[in-house]
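Dumped entry_27.cif below, it's mmCIF, C-alpha atoms:
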data_my_file
#
loop_
_atom_site.label_atom_id
_atom_site.label_comp_id
_atom_site.auth_asym_id
_atom_site.auth_seq_id
_atom_site.Cartn_x
_atom_site.Cartn_y
_atom_site.Cartn_z
CA MET A 136 0.00 0.00 0.00
CA ALA A 137 1.43 3.38 -0.99
CA PRO A 138 2.01 5.76 1.94
CA ILE A 139 -0.05 8.93 2.18
CA LEU A 140 2.18 11.99 2.38
CA LEU A 141 0.67 14.77 4.46
CA ASN A 142 1.43 18.40 3.75
CA CYS A 143 2.27 19.69 7.21
CA PHE A 144 1.79 23.37 6.47
CA GLY A 145 -0.57 25.32 4.29
CA GLY A 146 2.03 28.02 3.84
CA ASP A 147 5.36 29.19 5.19
CA GLN A 148 6.20 27.66 8.58
CA THR A 149 6.80 31.11 10.10
CA ASP A 150 3.11 31.91 9.63
CA TYR A 151 2.32 29.25 12.21
CA ILE A 152 4.93 30.12 14.81
CA LYS A 153 3.16 33.39 15.68
CA GLN A 154 -0.10 31.57 16.33
CA PRO A 155 -1.20 29.72 19.48
CA VAL A 156 -0.14 26.09 19.60
CA GLN A 157 -2.20 24.23 16.99
CA VAL A 158 -4.02 20.94 17.26
CA LYS A 159 -5.13 19.08 14.15
CA ASN A 160 -8.30 17.44 15.47
CA PRO A 161 -11.71 19.08 14.85
CA TYR A 162 -13.39 16.74 17.33
CA LEU A 163 -11.68 18.45 20.28
CA ASP A 164 -13.96 21.48 19.82
CA THR A 165 -17.04 19.30 20.40
CA MET A 166 -15.87 17.92 23.76
CA GLU A 167 -17.18 19.37 27.03
CA GLU A 168 -14.06 18.17 28.80
CA ASP A 169 -10.70 16.99 27.55
CA ILE A 170 -9.10 14.57 30.00
CA LEU A 171 -5.32 14.38 29.66
CA TYR A 172 -5.34 10.96 31.24
CA HIS A 173 -1.62 10.22 31.36
CA PHE A 174 -0.90 13.65 32.90
CA SER A 175 -3.73 13.41 35.44
CA LEU A 176 -5.01 16.79 34.20
CA SER A 177 -8.20 17.94 32.47
CA THR A 178 -9.78 21.08 31.05
CA LYS A 179 -12.62 20.93 33.58
CA SER A 180 -10.76 20.13 36.79
CA HIS A 181 -7.75 22.38 36.14
CA ASN A 182 -7.34 25.99 34.99
CA LEU A 183 -4.79 25.20 32.28
CA PRO A 184 -4.29 28.80 31.03
CA GLU A 185 -3.56 29.92 34.58
CA MET A 186 -1.26 26.98 35.27
CA PHE A 187 0.63 26.88 31.97
CA GLY A 188 -0.16 29.98 29.91
CA ASP A 189 3.30 31.52 30.39
CA ILE A 190 5.21 28.47 29.10
CA LYS A 191 7.74 29.36 26.38
CA PHE A 192 10.10 26.37 26.52
CA VAL A 193 9.26 22.68 26.90
CA CYS A 194 12.09 20.23 27.53
CA VAL A 195 11.36 16.51 27.36
CA GLY A 196 13.56 13.50 28.05
CA GLY A 197 13.21 9.80 28.65
CA SER A 198 14.19 9.48 32.31
CA ALA A 199 11.93 10.76 35.10
CA ASN A 200 14.92 11.27 37.41
CA ARG A 201 16.83 13.15 34.74
CA MET A 202 13.94 15.52 34.01
CA LYS A 203 13.50 16.24 37.70
CA ALA A 204 17.21 17.00 37.93
CA PHE A 205 16.89 19.26 34.87
CA ALA A 206 14.01 21.15 36.52
CA GLN A 207 16.11 21.65 39.64
CA PHE A 208 19.02 22.80 37.48
CA MET A 209 16.81 25.32 35.65
CA HIS A 210 15.45 26.52 39.00
CA GLN A 211 18.99 27.55 39.90
CA GLU A 212 19.89 28.85 36.44
CA LEU A 213 16.80 31.09 36.29
CA LYS A 214 17.29 32.14 39.94
CA GLN A 215 13.79 31.15 40.94
CA PRO A 216 12.68 31.75 44.54
CA GLY A 217 12.58 28.85 46.96
CA ASN A 218 14.53 25.61 47.23
CA PRO A 219 15.22 23.69 43.98
CA GLU A 220 14.72 20.46 45.93
CA ASP A 221 11.08 21.42 46.43
CA VAL A 222 10.06 21.40 42.76
CA LYS A 223 6.68 19.69 42.57
CA ASP A 224 5.67 16.92 40.16
CA ILE A 225 2.49 18.23 38.53
CA CYS A 226 1.70 14.70 37.33
CA GLU A 227 2.04 13.07 40.74
CA GLY A 228 -1.44 11.59 40.30
CA THR A 229 -0.07 9.19 37.70
CA ASP A 230 3.06 7.06 37.37
CA ARG A 231 3.34 7.35 33.58
CA TYR A 232 5.16 10.66 33.26
CA CYS A 233 6.54 13.39 35.50
CA MET A 234 6.16 17.12 34.87
CA TYR A 235 7.83 20.11 36.53
CA LYS A 236 7.25 23.82 35.86
CA VAL A 237 10.06 26.29 36.52
CA GLY A 238 9.04 29.79 35.43
CA PRO A 239 8.45 29.65 31.65
CA VAL A 240 10.09 26.21 31.37
CA LEU A 241 8.26 22.88 31.46
CA SER A 242 10.32 19.72 32.07
CA ILE A 243 8.60 16.40 31.24
CA SER A 244 9.65 12.76 31.04
CA HIS A 245 8.51 10.67 28.06
CA GLY A 246 9.76 7.15 28.70
CA MET A 247 11.56 5.06 26.08
CA GLY A 248 10.61 4.57 22.45
CA VAL A 249 8.20 5.99 19.88
CA PRO A 250 4.94 4.72 21.46
CA SER A 251 5.71 6.21 24.88
CA ILE A 252 6.80 9.63 23.63
CA SER A 253 3.92 9.70 21.12
CA ILE A 254 1.32 9.39 23.90
CA MET A 255 3.05 12.11 25.90
CA LEU A 256 3.25 14.44 22.88
CA HIS A 257 -0.46 14.13 22.07
CA GLU A 258 -1.35 15.25 25.57
CA LEU A 259 1.42 17.85 25.78
CA ILE A 260 0.36 19.55 22.55
CA LYS A 261 -3.27 19.55 23.69
CA LEU A 262 -2.15 20.97 27.04
CA LEU A 263 -0.25 23.82 25.36
CA HIS A 264 -3.24 24.47 23.10
CA HIS A 265 -5.77 24.54 25.95
CA ALA A 266 -3.42 26.78 27.96
CA GLN A 267 -3.31 29.23 25.01
CA CYS A 268 0.49 29.16 24.89
CA ARG A 269 2.27 31.05 22.10
CA ASP A 270 5.76 30.99 20.57
CA VAL A 271 6.76 27.77 22.32
CA VAL A 272 10.06 26.05 21.56
CA LEU A 273 10.15 22.30 22.16
CA PHE A 274 13.36 20.39 22.97
CA ARG A 275 14.11 16.71 23.32
CA LEU A 276 17.15 16.09 25.51
CA GLY A 277 18.63 12.64 25.53
CA THR A 278 21.42 10.12 25.13
CA SER A 279 22.35 8.21 22.01
CA GLY A 280 24.83 5.97 20.29
CA GLY A 281 27.31 7.92 18.21
CA VAL A 282 28.11 7.04 14.61
CA GLY A 283 31.71 8.02 13.95
CA LEU A 284 31.76 10.44 16.89
CA ALA A 285 33.68 10.33 20.16
CA PRO A 286 31.68 9.66 23.33
CA GLY A 287 30.49 12.90 24.91
CA THR A 288 29.76 14.65 21.62
CA VAL A 289 26.46 16.55 21.53
CA VAL A 290 24.45 16.05 18.33
CA ILE A 291 21.89 18.66 17.28
CA THR A 292 19.55 16.88 14.89
CA GLU A 293 19.07 18.27 11.40
CA LYS A 294 16.68 15.53 10.26
CA ALA A 295 15.35 12.49 12.07
CA VAL A 296 15.69 9.61 9.61
CA ASP A 297 14.34 6.06 9.47
CA TYR A 298 16.12 2.75 8.85
CA SER A 299 16.53 3.68 5.16
CA PHE A 300 18.01 7.09 6.12
CA LYS A 301 14.96 9.00 4.84
CA PRO A 302 13.49 11.95 6.80
CA LYS A 303 10.04 10.50 7.38
CA PHE A 304 7.87 8.98 10.09
CA GLU A 305 5.26 6.36 9.24
CA GLN A 306 2.15 5.92 11.35
CA VAL A 307 -0.51 3.31 10.67
CA VAL A 308 -3.97 4.92 11.02
CA LEU A 309 -7.09 2.81 10.39
CA GLY A 310 -5.02 0.38 8.35
CA LYS A 311 -3.44 3.08 6.19
CA VAL A 312 0.19 4.23 6.32
CA ILE A 313 0.44 7.97 7.00
CA THR A 314 3.86 9.50 6.25
CA ARG A 315 5.00 12.74 7.85
CA SER A 316 8.15 14.81 7.39
CA THR A 317 10.75 14.81 10.18
CA GLU A 318 12.81 17.88 9.35
CA LEU A 319 13.51 20.09 12.37
CA ASP A 320 13.77 23.85 12.65
CA GLU A 321 17.00 25.02 11.02
CA ASP A 322 17.13 28.38 12.81
CA VAL A 323 16.84 26.82 16.27
CA ALA A 324 19.54 24.28 15.37
CA GLN A 325 21.93 27.01 14.28
CA GLU A 326 21.16 29.06 17.38
CA LEU A 327 21.96 26.02 19.53
CA LEU A 328 25.22 25.46 17.65
CA GLN A 329 26.21 29.07 18.32
CA CYS A 330 25.37 28.59 22.01
CA SER A 331 27.61 25.51 22.14
CA ALA A 332 30.57 27.61 20.93
CA GLU A 333 30.07 29.89 23.94
CA LEU A 334 30.37 27.07 26.49
CA PRO A 335 33.52 25.18 27.56
CA ASN A 336 34.01 21.44 27.00
CA LEU A 337 30.94 21.03 24.82
CA PRO A 338 31.91 19.36 21.52
CA THR A 339 28.84 19.76 19.31
CA VAL A 340 27.87 18.91 15.73
CA ILE A 341 24.75 19.14 13.59
CA GLY A 342 23.83 15.89 11.85
CA ASN A 343 21.06 13.47 11.05
CA THR A 344 19.71 11.21 13.79
CA MET A 345 18.47 7.71 13.01
CA CYS A 346 15.41 6.74 15.01
CA THR A 347 14.82 3.01 15.55
CA HIS A 348 12.06 0.96 17.17
CA ASP A 349 14.47 -1.20 19.14
CA PHE A 350 17.65 -0.85 21.19
CA TYR A 351 19.28 -4.10 20.11
CA GLU A 352 18.73 -5.68 16.67
CA GLY A 353 17.08 -2.52 15.32
CA GLN A 354 20.30 -0.62 16.04
CA GLY A 355 22.58 -3.36 14.75
CA ARG A 356 23.89 -4.44 18.14
CA LEU A 357 25.69 -7.75 18.50
CA ASP A 358 24.93 -8.13 22.22
CA GLY A 359 21.16 -8.72 22.37
CA ALA A 360 19.29 -11.93 23.14
CA LEU A 361 18.80 -12.26 19.36
CA CYS A 362 21.22 -11.46 16.55
CA SER A 363 20.40 -12.24 12.91
CA PHE A 364 23.44 -10.63 11.23
CA SER A 365 27.23 -10.71 11.20
CA ALA A 366 29.68 -8.18 12.61
CA GLU A 367 30.68 -7.35 9.03
CA GLU A 368 27.05 -6.64 8.06
CA LYS A 369 26.66 -4.39 11.09
CA LEU A 370 29.71 -2.31 10.17
CA GLU A 371 28.64 -2.06 6.54
CA TYR A 372 25.24 -0.73 7.60
CA LEU A 373 26.78 1.80 10.00
CA ARG A 374 29.11 3.00 7.23
CA LYS A 375 26.09 3.53 4.96
CA ALA A 376 24.38 5.45 7.77
CA TYR A 377 27.45 7.64 8.26
CA ASP A 378 27.68 8.34 4.52
CA ALA A 379 23.99 9.38 4.64
CA GLY A 380 24.80 12.01 7.27
CA VAL A 381 23.72 10.00 10.32
CA ARG A 382 25.76 10.93 13.39
CA ASN A 383 23.78 9.24 16.15
CA ILE A 384 21.05 6.69 16.84
CA GLU A 385 18.19 6.87 19.36
CA MET A 386 14.53 5.85 19.66
CA GLU A 387 12.23 8.91 19.80
CA SER A 388 13.29 11.66 17.40
CA SER A 389 11.14 10.74 14.38
CA VAL A 390 7.70 11.05 15.96
CA PHE A 391 8.91 14.03 18.01
CA ALA A 392 9.97 15.89 14.85
CA ALA A 393 6.88 14.84 12.89
CA MET A 394 4.31 15.87 15.51
CA ALA A 395 6.03 19.16 16.26
CA ARG A 396 6.15 20.01 12.56
CA VAL A 397 2.48 19.17 11.93
CA CYS A 398 1.42 21.36 14.87
CA GLY A 399 3.64 24.29 13.92
CA LEU A 400 5.98 24.00 16.90
CA LYS A 401 9.62 24.98 16.60
CA ALA A 402 11.56 22.01 17.90
CA ALA A 403 15.05 20.62 18.34
CA VAL A 404 16.59 17.29 19.34
CA ILE A 405 19.81 17.48 21.36
CA CYS A 406 21.40 14.17 22.35
CA VAL A 407 24.83 13.33 23.71
CA THR A 408 26.67 10.25 22.44
CA LEU A 409 27.62 7.66 25.07
CA LEU A 410 29.79 5.57 22.74
CA ASN A 411 30.99 5.32 19.15
CA ARG A 412 29.07 2.44 17.56
CA PHE A 413 31.96 1.73 15.16
CA GLU A 414 34.00 0.73 18.22
CA GLY A 415 31.48 -1.37 20.13
CA ASP A 416 27.93 -1.90 21.33
CA GLN A 417 28.12 -1.73 25.12
CA ILE A 418 28.48 1.41 27.21
CA THR A 419 31.65 1.06 29.26
CA SER A 420 32.26 4.58 30.63
CA SER A 421 32.12 5.02 34.40
CA HIS A 422 28.98 6.28 36.12
CA GLU A 423 30.67 9.61 36.87
CA VAL A 424 31.63 10.13 33.23
CA LEU A 425 28.14 9.21 32.02
CA VAL A 426 26.53 11.66 34.44
CA GLU A 427 28.75 14.45 33.11
CA TYR A 428 27.93 13.51 29.51
CA GLN A 429 24.19 13.54 30.26
CA GLN A 430 24.46 17.05 31.67
CA ARG A 431 25.85 18.44 28.41
CA PRO A 432 22.52 18.73 26.51
CA GLN A 433 21.00 20.28 29.64
CA ALA A 434 23.75 22.88 29.85
CA LEU A 435 23.34 23.74 26.16
CA VAL A 436 19.57 24.15 26.32
CA SER A 437 19.84 26.12 29.57
CA HIS A 438 22.22 28.56 27.85
CA PHE A 439 19.82 28.84 24.89
CA ILE A 440 16.89 29.60 27.21
CA LYS A 441 18.82 32.16 29.24
CA LYS A 442 19.93 33.94 26.06
CA ARG A 443 16.33 34.01 24.81
CA LEU A 444 15.26 35.46 28.16
CA GLU A 445 18.20 37.90 28.01
CA LEU A 446 19.66 36.58 31.25
CA VAL A 447 23.21 36.24 29.83
#

As a first step, turn the structure in this file into structure tokens.
Amino acid sequence: MAPILLNCFGGDQTDYIKQPVQVKNPYLDTMEEDILYHFSLSTKSHNLPEMFGDIKFVCVGGSANRMKAFAQFMHQELKQPGNPEDVKDICEGTDRYCMYKVGPVLSISHGMGVPSISIMLHELIKLLHHAQCRDVVLFRLGTSGGVGLAPGTVVITEKAVDYSFKPKFEQVVLGKVITRSTELDEDVAQELLQCSAELPNLPTVIGNTMCTHDFYEGQGRLDGALCSFSAEEKLEYLRKAYDAGVRNIEMESSVFAAMARVCGLKAAVICVTLLNRFEGDQITSSHEVLVEYQQRPQALVSHFIKKRLELV
């Protein structure tokens, strides 16, 4: 069956950025109440514009602990009143995701893989829409496997690509394959790259990110419970990926880029590499080194936010 290619924008993307966050579902207007089940929030039980209307930056990442730590970090960076340790999980009524608000910054966990982040994004975009937010920039912060890059390198994604290195995300809807573009905002990527040059010890590149549906075989690892290919086939595939501009591999960027683009949100993916996949499959760096690596995307996005808010 031939995929259906959706035109994400009716005109220039900049026409959408000035508008409130868009949803692409006419049925939402007919609902008396919209329950954001996995956030434990709703339009009837919560005043979403009052709670979230000032949000300008949304930062999402897989780990609940990491996103809490990022919220506490932003609390200090933005010099918010009170104790950073006291940041409150807005989604404490559910165990699916965590959410912290620090001034105009929202920090949310999304779990691992396309299905988990997709659920979160549906409810996040509806939340921003109901809250009447404007000019929001969306970031995914994460870890990844590097392709031809040293561990600790930060990759700003130009395009999220699939297994065939094409910038598209396929979603099956009512038995039909819907294909959406996964190109990310070029201006935000360049602004992030400039920010990286202003920070010490932050090696950063712009490149394509391959999004897979699996951590092991789907990423060509030789160390899973199953392995249906040779070491030579793995290296050949990684070389093809590198030649196609792929610089890292993770598991969420394609749907993140696609949904942000459809809804007119400026977005960026910033992931640090934990290893070079040409040199192995298992992460062998010490815990202390890994913690420092994981803080690099946070430091970069924090600097971006502070510059936007004219705090540096």

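Close contacts of His181 of chain A, defined as residues with an atom at most 12 Å away when counting all atoms listed in the file, with chain neighbours fewer than 5 positions off set aside, comprise Glu168, Asp169, Ile170, Leu171, Phe174, Ser175, Leu176, Met186, Phe187, Ile225, Leu262, His265 and Ala266 of chain A.
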
- Task: For the structure provided, state which residues fall under the PyMOL selection byres ((chain A and resi 274) around 9), and present them as a ChimeraX atom specification.
- Result: /A:192-196,272-273,275-276,401-405,436

How would the residues just picked look written out with C-alpha atoms as a short mmCIF file (atom, residue, chain, number, x, y, z; two decimals), in the frame of the given file?
data_model
loop_
_atom_site.label_atom_id
_atom_site.label_comp_id
_atom_site.auth_asym_id
_atom_site.auth_seq_id
_atom_site.Cartn_x
_atom_site.Cartn_y
_atom_site.Cartn_z
CA PHE A 192 10.10 26.37 26.52
CA VAL A 193 9.26 22.68 26.90
CA CYS A 194 12.09 20.23 27.53
CA VAL A 195 11.36 16.51 27.36
CA GLY A 196 13.56 13.50 28.05
CA VAL A 272 10.06 26.05 21.56
CA LEU A 273 10.15 22.30 22.16
CA ARG A 275 14.11 16.71 23.32
CA LEU A 276 17.15 16.09 25.51
CA LYS A 401 9.62 24.98 16.60
CA ALA A 402 11.56 22.01 17.90
CA ALA A 403 15.05 20.62 18.34
CA VAL A 404 16.59 17.29 19.34
CA ILE A 405 19.81 17.48 21.36
CA VAL A 436 19.57 24.15 26.32
#

- Item | Near-Leu213 of chain A list (9 Å; only C-alpha atoms; drop same-chain fewer than 2 positions) as a list in words |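 Near Leu213 of chain A, the qualifying residues are Phe208, Met209, His210, Gln211, Gln215, Val237, Gly238, Ser437, Lys441 and Leu446 of chain A.
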
- Item | Sel. within 8 Å of pt (0.7, 27.3, 31.2), counting all atoms listed in the file, output as a PyMOL selection string | chain A and resi 183-190+263+266-268

- Using only C-alpha atoms: which of A:Lys442, A:Arg382, A:Arg374, A:Lys223 has the shortest distance to Val290 of chain A: A:Arg382

- Task: Name the residues that the PyMOL selection byres ((chain A and resi 292) around 6) pulls out of this structure, and write them as number ranges by chain.
- Result: A: 291, 293-294, 341-344, 404

- Rounded to one decimal place, report the atom CA of Cys346 of chain A-atom CA of Val249 of chain A distance in Å.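 Atom CA of Val249 of chain A lies at a distance of 8.7 Å from atom CA of Cys346 of chain A.
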
- Message: Measuring between all atoms listed in the file, which one of A:Asn411, A:Gln207, A:Ser244, A:Ser177 shows the shortest distance to Ser279 of chain A?
- Response: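 Of the candidates, the smallest distance to Ser279 of chain A is held by A:Asn411.
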
I need the residue set behind the PyMOL selection byres ((chain A and resi 300) around 7) for this file; please write it as a CSV table (one decimal) with C-alpha atoms, keeping the file's coordinate frame.
chain,number,residue,atom,x,y,z
A,296,VAL,CA,15.7,9.6,9.6
A,297,ASP,CA,14.3,6.1,9.5
A,298,TYR,CA,16.1,2.8,8.8
A,299,SER,CA,16.5,3.7,5.2
A,301,LYS,CA,15.0,9.0,4.8
A,302,PRO,CA,13.5,12.0,6.8
A,345,MET,CA,18.5,7.7,13.0
A,376,ALA,CA,24.4,5.4,7.8
A,379,ALA,CA,24.0,9.4,4.6

- Query: What is the atom CA of Ser388 of chain A-atom CA of Ala295 of chain A distance in Å, reported with one decimal?
  - Reply: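 Those two atoms sit 5.8 Å apart.
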
- Using all atoms listed in the file, which of the listed residues (A:Gly399, A:Pro250, A:Pro216, A:Gly228) sits closest to Leu319 of chain A?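 Ranking A:Gly399, A:Pro250, A:Pro216, A:Gly228 by distance to Leu319 of chain A, first place goes to A:Gly399.
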
- Separation of atom CA of Cys233 of chain A and atom CA of Ala199 of chain A, in Å?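 According to the coordinates, atom CA of Cys233 of chain A and atom CA of Ala199 of chain A are separated by 6.0 Å.
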
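Across A:Leu241, A:Ala366, A:Val271, A:Val424, the tightest approach to Lys191 of chain A is made by A:Val271 when counting all atoms listed in the file.
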
- Item | Selected residue, from A:Glu367, A:Glu385, A:Asp378, A:Glu212, that lies nearest to His438 of chain A when counting only C-alpha atoms |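 Ranked by minimum distance to His438 of chain A, first place goes to A:Glu212.
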
Atoms are missing here; could segment 306-338 of chain A be completed with N, CA and C atoms and written as a PDB file, in the coordinates of the input?
ATOM      1  N   GLN A 306       3.123   6.277  10.323  1.00  0.00           N
ATOM      2  CA  GLN A 306       2.150   5.920  11.350  1.00  0.00           C
ATOM      3  C   GLN A 306       0.992   5.194  10.678  1.00  0.00           C
ATOM      4  N   VAL A 307       0.626   4.042  11.209  1.00  0.00           N
ATOM      5  CA  VAL A 307      -0.510   3.310  10.670  1.00  0.00           C
ATOM      6  C   VAL A 307      -1.786   3.832  11.332  1.00  0.00           C
ATOM      7  N   VAL A 308      -2.714   4.362  10.524  1.00  0.00           N
ATOM      8  CA  VAL A 308      -3.970   4.920  11.020  1.00  0.00           C
ATOM      9  C   VAL A 308      -5.122   4.256  10.273  1.00  0.00           C
ATOM     10  N   LEU A 309      -5.960   3.524  10.983  1.00  0.00           N
ATOM     11  CA  LEU A 309      -7.090   2.810  10.390  1.00  0.00           C
ATOM     12  C   LEU A 309      -6.646   1.947   9.202  1.00  0.00           C
ATOM     13  N   GLY A 310      -5.518   1.284   9.375  1.00  0.00           N
ATOM     14  CA  GLY A 310      -5.020   0.380   8.350  1.00  0.00           C
ATOM     15  C   GLY A 310      -4.275   1.036   7.213  1.00  0.00           C
ATOM     16  N   LYS A 311      -4.152   2.368   7.240  1.00  0.00           N
ATOM     17  CA  LYS A 311      -3.440   3.080   6.190  1.00  0.00           C
ATOM     18  C   LYS A 311      -2.131   3.655   6.747  1.00  0.00           C
ATOM     19  N   VAL A 312      -1.098   3.691   5.908  1.00  0.00           N
ATOM     20  CA  VAL A 312       0.190   4.230   6.320  1.00  0.00           C
ATOM     21  C   VAL A 312       0.216   5.735   6.038  1.00  0.00           C
ATOM     22  N   ILE A 313       0.314   6.525   7.110  1.00  0.00           N
ATOM     23  CA  ILE A 313       0.440   7.970   7.000  1.00  0.00           C
ATOM     24  C   ILE A 313       1.918   8.333   7.147  1.00  0.00           C
ATOM     25  N   THR A 314       2.452   9.109   6.214  1.00  0.00           N
ATOM     26  CA  THR A 314       3.860   9.500   6.250  1.00  0.00           C
ATOM     27  C   THR A 314       3.989  10.992   6.508  1.00  0.00           C
ATOM     28  N   ARG A 315       4.803  11.340   7.496  1.00  0.00           N
ATOM     29  CA  ARG A 315       5.000  12.740   7.850  1.00  0.00           C
ATOM     30  C   ARG A 315       6.491  13.094   7.823  1.00  0.00           C
ATOM     31  N   SER A 316       6.774  14.332   7.464  1.00  0.00           N
ATOM     32  CA  SER A 316       8.150  14.810   7.390  1.00  0.00           C
ATOM     33  C   SER A 316       8.746  14.957   8.781  1.00  0.00           C
ATOM     34  N   THR A 317      10.069  14.747   8.890  1.00  0.00           N
ATOM     35  CA  THR A 317      10.750  14.810  10.180  1.00  0.00           C
ATOM     36  C   THR A 317      11.890  15.835  10.182  1.00  0.00           C
ATOM     37  N   GLU A 318      11.809  16.824   9.330  1.00  0.00           N
ATOM     38  CA  GLU A 318      12.810  17.880   9.350  1.00  0.00           C
ATOM     39  C   GLU A 318      12.549  18.800  10.543  1.00  0.00           C
ATOM     40  N   LEU A 319      13.612  19.219  11.200  1.00  0.00           N
ATOM     41  CA  LEU A 319      13.510  20.090  12.370  1.00  0.00           C
ATOM     42  C   LEU A 319      13.879  21.516  12.020  1.00  0.00           C
ATOM     43  N   ASP A 320      13.595  22.431  12.928  1.00  0.00           N
ATOM     44  CA  ASP A 320      13.770  23.850  12.650  1.00  0.00           C
ATOM     45  C   ASP A 320      15.248  24.218  12.493  1.00  0.00           C
ATOM     46  N   GLU A 321      15.592  24.715  11.325  1.00  0.00           N
ATOM     47  CA  GLU A 321      17.000  25.020  11.020  1.00  0.00           C
ATOM     48  C   GLU A 321      17.515  26.188  11.847  1.00  0.00           C
ATOM     49  N   ASP A 322      16.681  27.206  12.063  1.00  0.00           N
ATOM     50  CA  ASP A 322      17.130  28.380  12.810  1.00  0.00           C
ATOM     51  C   ASP A 322      17.441  28.039  14.260  1.00  0.00           C
ATOM     52  N   VAL A 323      16.587  27.228  14.886  1.00  0.00           N
ATOM     53  CA  VAL A 323      16.840  26.820  16.270  1.00  0.00           C
ATOM     54  C   VAL A 323      18.109  25.988  16.349  1.00  0.00           C
ATOM     55  N   ALA A 324      18.326  25.097  15.380  1.00  0.00           N
ATOM     56  CA  ALA A 324      19.540  24.280  15.370  1.00  0.00           C
ATOM     57  C   ALA A 324      20.789  25.137  15.280  1.00  0.00           C
ATOM     58  N   GLN A 325      20.774  26.134  14.416  1.00  0.00           N
ATOM     59  CA  GLN A 325      21.930  27.010  14.280  1.00  0.00           C
ATOM     60  C   GLN A 325      22.148  27.860  15.527  1.00  0.00           C
ATOM     61  N   GLU A 326      21.052  28.286  16.145  1.00  0.00           N
ATOM     62  CA  GLU A 326      21.160  29.060  17.380  1.00  0.00           C
ATOM     63  C   GLU A 326      21.770  28.202  18.496  1.00  0.00           C
ATOM     64  N   LEU A 327      21.371  26.937  18.555  1.00  0.00           N
ATOM     65  CA  LEU A 327      21.960  26.020  19.530  1.00  0.00           C
ATOM     66  C   LEU A 327      23.445  25.792  19.263  1.00  0.00           C
ATOM     67  N   LEU A 328      23.812  25.657  17.997  1.00  0.00           N
ATOM     68  CA  LEU A 328      25.220  25.460  17.650  1.00  0.00           C
ATOM     69  C   LEU A 328      26.054  26.661  18.073  1.00  0.00           C
ATOM     70  N   GLN A 329      25.508  27.862  17.881  1.00  0.00           N
ATOM     71  CA  GLN A 329      26.210  29.070  18.320  1.00  0.00           C
ATOM     72  C   GLN A 329      26.352  29.082  19.840  1.00  0.00           C
ATOM     73  N   CYS A 330      25.301  28.660  20.544  1.00  0.00           N
ATOM     74  CA  CYS A 330      25.370  28.590  22.010  1.00  0.00           C
ATOM     75  C   CYS A 330      26.454  27.621  22.457  1.00  0.00           C
ATOM     76  N   SER A 331      26.606  26.509  21.746  1.00  0.00           N
ATOM     77  CA  SER A 331      27.610  25.510  22.140  1.00  0.00           C
ATOM     78  C   SER A 331      29.017  26.083  22.050  1.00  0.00           C
ATOM     79  N   ALA A 332      29.240  26.996  21.088  1.00  0.00           N
ATOM     80  CA  ALA A 332      30.570  27.610  20.930  1.00  0.00           C
ATOM     81  C   ALA A 332      30.886  28.557  22.079  1.00  0.00           C
ATOM     82  N   GLU A 333      29.877  28.955  22.827  1.00  0.00           N
ATOM     83  CA  GLU A 333      30.070  29.890  23.940  1.00  0.00           C
ATOM     84  C   GLU A 333      30.263  29.182  25.268  1.00  0.00           C
ATOM     85  N   LEU A 334      30.228  27.836  25.265  1.00  0.00           N
ATOM     86  CA  LEU A 334      30.370  27.070  26.490  1.00  0.00           C
ATOM     87  C   LEU A 334      31.624  26.200  26.431  1.00  0.00           C
ATOM     88  N   PRO A 335      32.305  26.010  27.555  1.00  0.00           N
ATOM     89  CA  PRO A 335      33.520  25.180  27.560  1.00  0.00           C
ATOM     90  C   PRO A 335      33.191  23.690  27.535  1.00  0.00           C
ATOM     91  N   ASN A 336      34.092  22.914  26.964  1.00  0.00           N
ATOM     92  CA  ASN A 336      34.010  21.440  27.000  1.00  0.00           C
ATOM     93  C   ASN A 336      32.660  20.944  26.512  1.00  0.00           C
ATOM     94  N   LEU A 337      32.232  21.455  25.360  1.00  0.00           N
ATOM     95  CA  LEU A 337      30.940  21.030  24.820  1.00  0.00           C
ATOM     96  C   LEU A 337      31.085  20.769  23.318  1.00  0.00           C
ATOM     97  N   PRO A 338      31.782  19.679  22.941  1.00  0.00           N
ATOM     98  CA  PRO A 338      31.910  19.360  21.520  1.00  0.00           C
ATOM     99  C   PRO A 338      30.540  19.084  20.918  1.00  0.00           C
TER     100      PRO A 338
END
